[in-house]
>>> print(open('my_file-v4.txt').read())   # compact mmCIF, C-alpha atoms
# COMPACT_ATOMS: atom_id res chain seq x y z
CA MET A 1268 94.87 49.95 38.24
CA ASP A 1269 97.76 52.07 36.95
CA ARG A 1270 100.65 50.32 38.66
CA ALA A 1271 104.32 51.29 38.62
CA TYR A 1272 107.16 48.83 39.30
CA LEU A 1273 110.40 50.22 40.74
CA ASP A 1274 113.88 48.80 41.25
CA ILE A 1275 117.19 50.51 42.01
CA GLU A 1276 120.85 49.58 41.63
CA THR A 1277 123.59 50.86 43.92
CA ALA A 1278 127.37 51.22 43.93
CA PHE A 1279 129.71 49.57 46.44
CA ASP A 1280 129.50 52.68 48.63
CA GLY A 1281 125.70 52.46 48.71
CA ARG A 1282 124.98 55.36 46.38
CA ILE A 1283 122.16 54.94 43.90
CA THR A 1284 123.40 54.30 40.37
CA VAL A 1285 120.17 53.45 38.52
CA VAL A 1286 116.50 53.98 39.26
CA GLY A 1287 114.33 51.87 36.98
CA ILE A 1288 110.56 52.31 36.78
CA TYR A 1289 108.25 50.24 34.61
CA ARG A 1290 104.69 51.30 33.83
CA PRO A 1291 102.83 48.89 31.55
CA ASP A 1292 101.08 51.75 29.78
CA ARG A 1293 104.23 53.83 29.27
CA GLY A 1294 107.18 51.44 29.18
CA THR A 1295 110.35 51.64 31.24
CA VAL A 1296 112.45 54.65 32.21
CA GLN A 1297 115.94 54.27 33.67
CA LEU A 1298 117.51 57.21 35.44
CA VAL A 1299 121.28 56.82 35.60
CA GLY A 1300 123.64 58.50 38.05
CA ARG A 1301 122.91 62.19 38.53
CA ASP A 1302 119.81 61.91 36.35
CA ALA A 1303 118.12 60.06 39.22
CA THR A 1304 116.56 63.13 40.82
CA PRO A 1305 113.34 63.45 42.82
CA LYS A 1306 111.85 65.58 40.04
CA ALA A 1307 112.59 62.98 37.35
CA ILE A 1308 111.26 60.12 39.47
CA MET A 1309 108.05 61.95 40.33
CA ALA A 1310 107.52 62.98 36.71
CA PHE A 1311 107.42 59.36 35.57
CA LEU A 1312 105.33 58.26 38.56
CA ASP A 1313 102.73 60.96 37.94
CA GLY A 1314 99.28 59.39 37.91
CA ALA A 1315 100.40 56.01 39.27
CA SER A 1316 97.87 54.49 41.63
CA CYS A 1317 100.26 51.99 43.24
CA LEU A 1318 104.02 51.46 43.53
CA LEU A 1319 105.29 47.88 43.59
CA THR A 1320 108.77 46.64 44.51
CA TYR A 1321 110.53 43.46 45.59
CA ASN A 1322 112.17 44.00 48.98
CA GLY A 1323 111.51 47.68 48.40
CA HIS A 1324 110.21 48.37 51.90
CA ARG A 1325 113.63 47.43 53.27
CA PHE A 1326 116.01 48.47 50.54
CA ASP A 1327 114.91 50.50 47.50
CA LEU A 1328 112.50 52.92 49.13
CA PRO A 1329 114.64 53.66 52.22
CA ARG A 1330 117.69 54.24 49.97
CA ILE A 1331 115.73 56.71 47.83
CA LYS A 1332 114.47 58.48 50.94
CA ASP A 1333 117.91 58.67 52.56
CA GLU A 1334 119.87 59.74 49.48
CA LEU A 1335 117.35 61.80 47.53
CA GLY A 1336 115.05 62.98 50.30
CA LEU A 1337 112.04 61.50 48.47
CA ASP A 1338 109.69 59.48 50.68
CA LEU A 1339 107.75 57.45 48.12
CA ARG A 1340 106.00 55.42 50.81
CA ALA A 1341 104.41 58.61 52.09
CA LEU A 1342 103.34 59.66 48.58
CA PHE A 1343 102.02 56.44 47.04
CA PRO A 1344 100.26 53.29 48.15
CA CYS A 1345 103.10 50.74 48.14
CA ARG A 1346 103.25 46.98 47.86
CA ASP A 1347 106.29 44.78 48.48
CA LEU A 1348 105.98 41.57 46.46
CA MET A 1349 108.53 39.83 48.66
CA PHE A 1350 105.98 39.60 51.46
CA ASP A 1351 103.42 38.15 49.04
CA CYS A 1352 105.98 35.52 48.05
CA TRP A 1353 106.55 34.65 51.70
CA ARG A 1354 102.84 34.04 52.15
CA LEU A 1355 103.05 31.36 49.48
CA GLY A 1356 106.25 29.84 50.82
CA LEU A 1357 108.49 31.39 48.17
CA LYS A 1358 111.61 32.53 50.00
CA GLY A 1359 114.87 33.94 48.77
CA GLY A 1360 115.91 36.65 46.37
CA PHE A 1361 113.99 37.82 43.34
CA LYS A 1362 115.99 35.69 40.89
CA LYS A 1363 115.30 32.55 42.91
CA VAL A 1364 111.58 33.35 42.96
CA GLU A 1365 111.61 33.95 39.20
CA GLU A 1366 113.16 30.54 38.61
CA ARG A 1367 110.62 28.77 40.81
CA LEU A 1368 107.77 30.51 39.03
CA GLY A 1369 109.15 29.91 35.54
CA VAL A 1370 109.76 33.58 34.71
CA ALA A 1371 112.50 33.81 32.06
CA ARG A 1372 115.44 36.20 32.27
CA GLU A 1373 117.96 37.08 29.54
CA THR A 1374 120.50 38.43 32.04
CA ARG A 1375 120.62 35.19 33.98
CA GLY A 1376 123.81 34.98 36.02
CA VAL A 1377 123.95 38.69 36.81
CA ASP A 1378 123.27 39.47 40.47
CA GLY A 1379 123.46 42.46 42.78
CA ILE A 1380 127.20 42.20 43.36
CA MET A 1381 127.92 41.86 39.65
CA ALA A 1382 125.68 44.87 39.04
CA MET A 1383 127.95 46.89 41.33
CA ARG A 1384 131.02 45.68 39.45
CA LEU A 1385 129.42 46.63 36.16
CA TRP A 1386 128.85 50.16 37.41
CA GLU A 1387 132.43 50.34 38.64
CA LYS A 1388 133.71 49.27 35.20
CA TYR A 1389 131.54 51.91 33.57
CA VAL A 1390 132.77 54.67 35.88
CA ASP A 1391 136.44 53.68 36.02
CA LEU A 1392 136.96 52.46 32.44
CA ASP A 1393 134.16 54.19 30.55
CA ASP A 1394 132.94 50.69 29.64
CA THR A 1395 129.63 51.34 27.87
CA GLU A 1396 129.04 47.60 27.38
CA ALA A 1397 129.12 47.17 31.15
CA LEU A 1398 126.54 49.94 31.51
CA ALA A 1399 124.36 48.35 28.83
CA LEU A 1400 124.37 45.02 30.70
CA LEU A 1401 123.61 46.77 33.99
CA LEU A 1402 120.64 48.54 32.42
CA ALA A 1403 119.38 45.30 30.84
CA TYR A 1404 119.57 43.65 34.26
CA ASN A 1405 117.70 46.49 35.94
CA ARG A 1406 115.09 46.54 33.17
CA GLU A 1407 114.35 42.85 33.70
CA ASP A 1408 114.06 43.40 37.45
CA CYS A 1409 111.36 45.99 36.78
CA GLU A 1410 109.53 44.31 33.92
CA ASN A 1411 109.50 40.84 35.48
CA MET A 1412 107.68 42.01 38.61
CA PRO A 1413 104.23 42.03 36.98
CA ARG A 1414 104.96 38.57 35.57
CA VAL A 1415 105.81 37.33 39.05
CA LEU A 1416 102.64 38.93 40.44
CA GLU A 1417 100.54 37.25 37.75
CA ARG A 1418 101.95 33.84 38.68
CA LEU A 1419 101.42 34.47 42.38
CA GLU A 1420 97.76 35.17 41.70
CA MET A 1421 97.56 31.99 39.61
CA LEU A 1422 98.91 30.11 42.66
CA GLY A 1423 96.07 31.46 44.76
CA LEU A 1424 97.33 34.75 46.14
CA PRO A 1425 94.18 36.82 46.73
CA ALA A 1426 94.14 40.05 44.78
CA SER A 1427 93.76 41.96 48.06
CA THR A 1428 96.74 40.33 49.79
CA GLY A 1429 99.54 42.82 50.28
CA ASP A 1430 97.57 45.52 48.51
CA PRO A 1431 98.65 49.14 48.90
CA ASP A 1432 98.70 50.31 52.47
CA HIS A 1433 99.89 53.90 51.93
CA GLY A 1434 103.18 53.37 53.67
CA GLY A 1435 102.16 50.88 56.33
CA GLY A 1436 102.26 47.24 55.53
CA GLN A 1437 103.41 44.31 57.61
CA GLU A 1438 105.32 41.17 56.92
CA PRO A 1439 103.53 37.85 57.31
CA GLY A 1440 102.96 37.16 60.99
CA GLY A 1441 102.42 40.81 61.82
CA GLN A 1442 106.08 41.84 61.99
CA GLU A 1443 107.04 45.25 60.81
CA PRO A 1444 109.37 45.22 57.82
CA GLY A 1445 113.00 44.86 58.83
CA GLY A 1446 113.26 41.33 60.21
CA GLN A 1447 115.44 38.64 58.71
CA GLU A 1448 114.20 36.88 55.63
CA PRO A 1449 113.06 33.35 56.53
CA GLY A 1450 115.46 30.63 55.51
CA GLY A 1451 118.17 33.02 54.34
CA GLU A 1452 120.30 35.99 55.12
CA GLN A 1453 119.02 39.50 55.37
CA PRO A 1454 118.57 40.96 51.88
CA GLY A 1455 121.49 43.25 51.16
CA GLU A 1456 123.85 41.55 53.62
CA GLY A 1457 125.97 40.16 50.80
CA LYS A 1458 126.46 43.64 49.37
CA ALA A 1459 127.31 45.03 52.79
CA ARG A 1460 129.90 42.29 53.40
CA HIS A 1461 131.52 42.93 50.03
CA GLU A 1462 131.69 46.67 50.68
CA GLU A 1463 133.31 46.11 54.09
CA GLU A 1464 135.86 43.75 52.55
CA ARG A 1465 136.79 46.40 50.01
CA ARG A 1466 137.24 48.97 52.76
CA ARG A 1467 139.56 46.67 54.72
CA LYS A 1468 141.73 46.10 51.64
CA ARG A 1469 142.14 49.84 51.18
CA ARG A 1470 143.39 50.38 54.74
>>> encode(input="my_file-v4.txt", output="structure tokens")
Amino acid sequence: MDRAYLDIETAFDGRITVVGIYRPDRGTVQLVGRDATPKAIMAFLDGASCLLTYNGHRFDLPRIKDELGLDLRALFPCRDLMFDCWRLGLKGGFKKVEERLGVARETRGVDGIMAMRLWEKYVDLDDTEALALLLAYNREDCENMPRVLERLEMLGLPASTGDPDHGGGQEPGGQEPGGQEPGGEQPGEGKARHEEERRRKRR
């Protein structure tokens, strides 16, 4: 199966800053800023049989649809690994799941909020080292997804569980994507709180 693994980064105002896509047979492409266009995304996804994300049904794919007008869930069979993790009792963000599954990460300590700050440093100060760290972080998000999937299957996740549904797909228990993550806050709430705090300070 020719799978593609996708992860995006965003700025404090919600705009997409990086679209990363990893295809095991082709490597990783990272589209930065204005280079993240529907045409560029579709060019690298050409021939993919399945698109995998982590929390993508709630965050990455809706952001791409809203900002770029590209509805990837309507164009590709999609699979959100977060729901597979829930089925095995693995709750929390992607970094927490990686740690529990023993998946190594060189950018340990970088999180979504820091990724936003790195982009801000790049834009405001032309800090290319900040951009390099942001891209390394995004690359690991993409390239660690198949490693996480492999470990989930080793733990007993059936190969068919959470398989592509061509845009449908339900969370465990039959809920449509969009509910609160068990045992934790809604993914993306931390970013939203930080953005609101910044807006208040500017008033």
>>> closest_residue(input="my_file-v4.txt", among="A:Glu1420, A:Asp1338, A:Asp1269, A:Glu1396", to="Ala1315 (chain A)", atoms="all atoms listed in the file")
A:Asp1269
>>> closest_residue(input="my_file-v4.txt", among="A:Asp1391, A:Asp1292, A:Asp1351, A:Glu1373", to="Tyr1272 (chain A)", atoms="only C-alpha atoms")
A:Asp1292
>>> closest_residue(input="my_file-v4.txt", among="A:Gly1323, A:Met1383, A:Val1390, A:Ala1341", to="Phe1361 (chain A)", atoms="all atoms listed in the file")
A:Gly1323
>>> atom_distance(input="my_file-v4.txt", atom1="CA of Arg1290 (chain A)", atom2="CA of Ala1271 (chain A)")
4.8 Å
>>> residues_near_point(input="my_file-v4.txt", point="(111.2, 42.6, 45.4)", cutoff="8 Å", atoms="all atoms listed in the file", output="number ranges by chain")
A: 1274, 1320-1323, 1347-1349, 1360-1361, 1412
>>> residues_around(input="my_file-v4.txt", residues="Gly1423 (chain A)", least_positions_apart="4", cutoff="9 Å", atoms="only C-alpha atoms", output="VMD selection string")
chain A and resid 1355 1418 to 1419
>>> closest_residue(input="my_file-v4.txt", among="A:Ile1275, A:Met1309, A:Ile1283, A:Arg1325", to="Leu1339 (chain A)", atoms="only C-alpha atoms")
A:Met1309
>>> atom_distance(input="my_file-v4.txt", atom1="CA of Val1299 (chain A)", atom2="CA of Thr1284 (chain A)")
5.8 Å
>>> atom_distance(input="my_file-v4.txt", atom1="CA of Leu1319 (chain A)", atom2="CA of Cys1345 (chain A)")
5.8 Å
>>> closest_residue(input="my_file-v4.txt", among="A:Leu1422, A:Leu1318, A:Val1364, A:Ala1397", to="Phe1343 (chain A)", atoms="only C-alpha atoms")
A:Leu1318
>>> residues_near_point(input="my_file-v4.txt", point="(107.6, 32.6, 37.8)", cutoff="8 Å", atoms="all atoms listed in the file", output="PyMOL selection string")
chain A and resi 1364-1371+1414-1415+1418-1419
>>> residues_around(input="my_file-v4.txt", residues="Leu1273 (chain A)", least_positions_apart="2", cutoff="6 Å", atoms="only C-alpha atoms", output="PyMOL selection string")
chain A and resi 1287-1288+1320+1409
>>> write_last_selection(input="my_file-v4.txt", atoms="C-alpha atoms", output="PDB file, keeping the file's coordinate frame")
ATOM      1  CA  GLY A1287     114.330  51.870  36.980  1.00  0.00           C
ATOM      2  CA  ILE A1288     110.560  52.310  36.780  1.00  0.00           C
ATOM      3  CA  THR A1320     108.770  46.640  44.510  1.00  0.00           C
ATOM      4  CA  CYS A1409     111.360  45.990  36.780  1.00  0.00           C
TER       5      CYS A1409
END
>>> decode(input="my_file-v4.txt", residues="region 1271-1293 of chain A", atoms="N, CA and C atoms", output="short mmCIF file (atom, residue, chain, number, x, y, z; two decimals), in the first residue's frame")
data_model
loop_
_atom_site.label_atom_id
_atom_site.label_comp_id
_atom_site.auth_asym_id
_atom_site.auth_seq_id
_atom_site.Cartn_x
_atom_site.Cartn_y
_atom_site.Cartn_z
N ALA A 1271 0.80 7.76 2.45
CA ALA A 1271 1.40 9.07 2.65
C ALA A 1271 1.04 9.53 4.05
N TYR A 1272 2.01 10.16 4.74
CA TYR A 1272 1.83 10.63 6.11
C TYR A 1272 1.95 12.15 6.12
N LEU A 1273 0.94 12.82 6.63
CA LEU A 1273 0.88 14.28 6.54
C LEU A 1273 0.78 14.92 7.92
N ASP A 1274 1.49 16.05 8.07
CA ASP A 1274 1.40 16.84 9.30
C ASP A 1274 1.64 18.30 8.95
N ILE A 1275 0.88 19.19 9.56
CA ILE A 1275 1.06 20.62 9.30
C ILE A 1275 1.50 21.34 10.57
N GLU A 1276 2.11 22.51 10.38
CA GLU A 1276 2.38 23.45 11.46
C GLU A 1276 1.63 24.73 11.15
N THR A 1277 1.28 25.46 12.20
CA THR A 1277 0.54 26.71 12.01
C THR A 1277 1.17 27.83 12.82
N ALA A 1278 0.83 29.07 12.46
CA ALA A 1278 1.26 30.25 13.19
C ALA A 1278 0.26 30.54 14.31
N PHE A 1279 0.57 31.55 15.12
CA PHE A 1279 -0.32 31.90 16.22
C PHE A 1279 -1.70 32.35 15.72
N ASP A 1280 -1.77 32.88 14.51
CA ASP A 1280 -3.07 33.32 13.98
C ASP A 1280 -3.81 32.20 13.27
N GLY A 1281 -3.24 30.98 13.30
CA GLY A 1281 -3.92 29.83 12.71
C GLY A 1281 -3.51 29.52 11.29
N ARG A 1282 -2.79 30.43 10.64
CA ARG A 1282 -2.39 30.19 9.26
C ARG A 1282 -1.38 29.06 9.16
N ILE A 1283 -1.46 28.31 8.08
CA ILE A 1283 -0.53 27.20 7.86
C ILE A 1283 0.85 27.75 7.54
N THR A 1284 1.85 27.22 8.22
CA THR A 1284 3.23 27.63 7.97
C THR A 1284 4.04 26.56 7.26
N VAL A 1285 3.75 25.29 7.57
CA VAL A 1285 4.48 24.17 6.96
C VAL A 1285 3.50 23.03 6.70
N VAL A 1286 3.57 22.46 5.53
CA VAL A 1286 2.88 21.20 5.24
C VAL A 1286 3.96 20.16 4.96
N GLY A 1287 4.04 19.15 5.83
CA GLY A 1287 5.00 18.09 5.64
C GLY A 1287 4.30 16.82 5.19
N ILE A 1288 4.86 16.15 4.22
CA ILE A 1288 4.30 14.89 3.72
C ILE A 1288 5.44 13.89 3.56
N TYR A 1289 5.28 12.73 4.17
CA TYR A 1289 6.28 11.68 4.06
C TYR A 1289 5.69 10.51 3.29
N ARG A 1290 6.42 10.08 2.25
CA ARG A 1290 6.06 8.87 1.52
C ARG A 1290 7.27 7.95 1.55
N PRO A 1291 7.15 6.78 2.13
CA PRO A 1291 8.31 5.90 2.30
C PRO A 1291 9.09 5.63 1.02
N ASP A 1292 8.40 5.66 -0.11
CA ASP A 1292 9.09 5.38 -1.37
C ASP A 1292 9.70 6.62 -2.01
N ARG A 1293 9.37 7.80 -1.48
CA ARG A 1293 9.85 9.04 -2.10
C ARG A 1293 10.57 9.98 -1.13
#
